Amino acid sequence: MSMGRILVSDDDKNICELLRLYLEKEGYEVSVANDGTQAIAKFNAESPDMVLLDIMMPGLDGWQVCREIRKKSNCPIIMITAKGETFDKVLGLELGADDYVVKPFDTKEIVARIKAVMRRTGKNTSEGDVKEVRYDKLVVNMTKYELKVDGKIVDTPPKELELLYHLASNPNRVYTRDQLLDEVWGFEYYGDSRTVDVHIKRLREKLEGVSDQWSLKTVWGVGYKFEVKE
């Protein structure tokens, strides 16, 4: 039984082959693209469960591919790049990437990150085991990976949903950025704490003014909380 379909897109064929071997050993179906145009074509044809996406590629770069995928899908995207500057990390997250790994990387780490995301998508969850929180005009369903705002489904990347679900499951509890990185991103995430700020900003854009009974609050000098009025 397949663990899921993964599209690996990188212009370095050795990296693609290394990832393919490791991921197939773990039980995933893997397809490979060596440039951005091919990546989009394979994504459209194969509908993978996850994309590992290099930034610096010929033709369309990783930023452009990420934008195109996000126009039509919330498929989890892990960016893989030699660049480690904060600007690049924040830009990737702004475009809708779910994680960011800098070369050179440990292949076991990427496998672990992929497994963690696959677990969070609820593919092995039974129909009777529904993970969901409900508030006025808000439903966060992690079994379906679905966000409903005022009765309408809102397209939301997986990591944003996981962050909102975590906060909303613990109303009025204040979390530091480091706590959220550890508890939502997990696997000893080494990213910049601004990662959390980017995701909160995007969630606020979706939730602004929906209800006066709850809100995403900044606790200055500490972090964030999902505030519910008593």
# chains A, B, ... in the order shown; residues from 1 in each chain; ligands from 1
>>> residues_around(residues="range 5-10 of chain A", least_positions_apart="5", cutoff="6 Å", atoms="only C-alpha atoms", output="PyMOL selection string")
chain A and resi 28-34+48-54
>>> residues_around(residues="Tyr145 in chain A", least_positions_apart="2", cutoff="10 Å", atoms="only C-alpha atoms", output="list in words")
Asn74, Arg120, Thr121, Gly122, Lys131, Glu132, Val140, Asn141, Met142, Thr143, Leu147, Asp155, Thr156, Pro157, Pro158, Leu161 and Glu162 of chain A
>>> residues_around(residues="Arg173 in chain A", least_positions_apart="2", cutoff="8 Å", atoms="only C-alpha atoms", output="list in words")
Leu167, Asn170, Pro171, Tyr175, Lys225, Phe226 and Glu227 of chain A
>>> residues_around(residues="Gly96 in chain A", least_positions_apart="6", cutoff="8 Å", atoms="only C-alpha atoms", output="list in words")
Cys66, Arg67, Arg70, Ile77 and Pro157 of chain A
>>> closest_residue(among="A:Trp185, A:Phe43, A:Tyr135, A:Tyr165", to="Arg113 in chain A", atoms="only C-alpha atoms")
A:Trp185
